[in-house]
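Enquirer: Provided herewith is a single structure, encoded as structure tokens, for subsequent inquiry.
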Amino acid sequence: MSAIFISYRREDSEDSARALYESLVPLFGKERLFIDVEDVALGFDFRQAVESSLSTCGVFLAIIGPAWLNITAPNDPSGKRRLDNPSDTVRQEIGRASCR
């Protein structure tokens with residue numbers, strides 16, 4: 001069970017999210033924190049791990065870097081923002097967290 005869920009976009013805030021995670025570990029312990037790179041083991045279903053952690057978190061932290069809002073999908077020639085895509089993982093995390 002994770003008490004604190006850290007959401008971020010790798011393209012603009014991975015270092016900040018990692019630093020925040022590392023600073024919270026001594027205070028709360030790894031078992032009370034969720035960050036994808038630490039808590040989704042190789043071979044496990046990413047979305048299922050995220051959903052499980054979101055359903056048990058008490059605190060949701062969205063790390064928003066300078067490019068967060070306007071990041072586009074690298075394989076989308078339209079240049080549409082990832083945040084505008086209903087299947088965007090970060091959008092789904094925020095939506096799920098705010099619906100509790």
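Identifiers in this document derive from the order of the structure tokens: chains are assigned A, B, ..., residues are numbered from 1 separately in each chain, and ligands are numbered from 1 in order of occurrence.
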Can you tell me, as a ChimeraX atom specification, which residues in chain A count as alpha helix (DSSP H) by DSSP?
Expert: /A:10-28,36-39,46-56,89-98
Enquirer: Give me the residues near stretch 54-65 of chain A as a PyMOL selection string, where near means some atom within 10 Å (using only C-alpha atoms) and where sequence neighbours in that chain fewer than 3 positions away do not count.
Expert: chain A and resi 1-14+16-17+20+32-34+48-51+68-69+90+93-94+96-98+100
Enquirer: In Å, how far is it from atom CA of A:Pro66 to atom CA of A:Leu27?
Expert: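 Going from atom CA of A:Pro66 over to atom CA of A:Leu27 covers 27.4 Å.
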Enquirer: As a PyMOL selection string, please: the residues near stretch 81-89 of chain A (cut-off 7 Å, only C-alpha atoms, same-chain neighbours under 3 positions excluded).
Expert: chain A and resi 69-73+92-93
Enquirer: Do you have the atom CA of A:Tyr21-atom CA of A:Ser53 distance handy?
Expert: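 Interatomic distance here is 15.2 Å.
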Enquirer: Which residues in chain A does DSSP call strand (DSSP E or B)? List them as a PyMOL selection string.
Expert: chain A and resi 4-7+33-34+59-62+72+81
Enquirer: What does the distance between atom CA of A:Glu31 and atom CA of A:Asp15 come to in Å, to one decimal place?
Expert: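 Atom CA of A:Glu31 sits 20.7 Å away from atom CA of A:Asp15.
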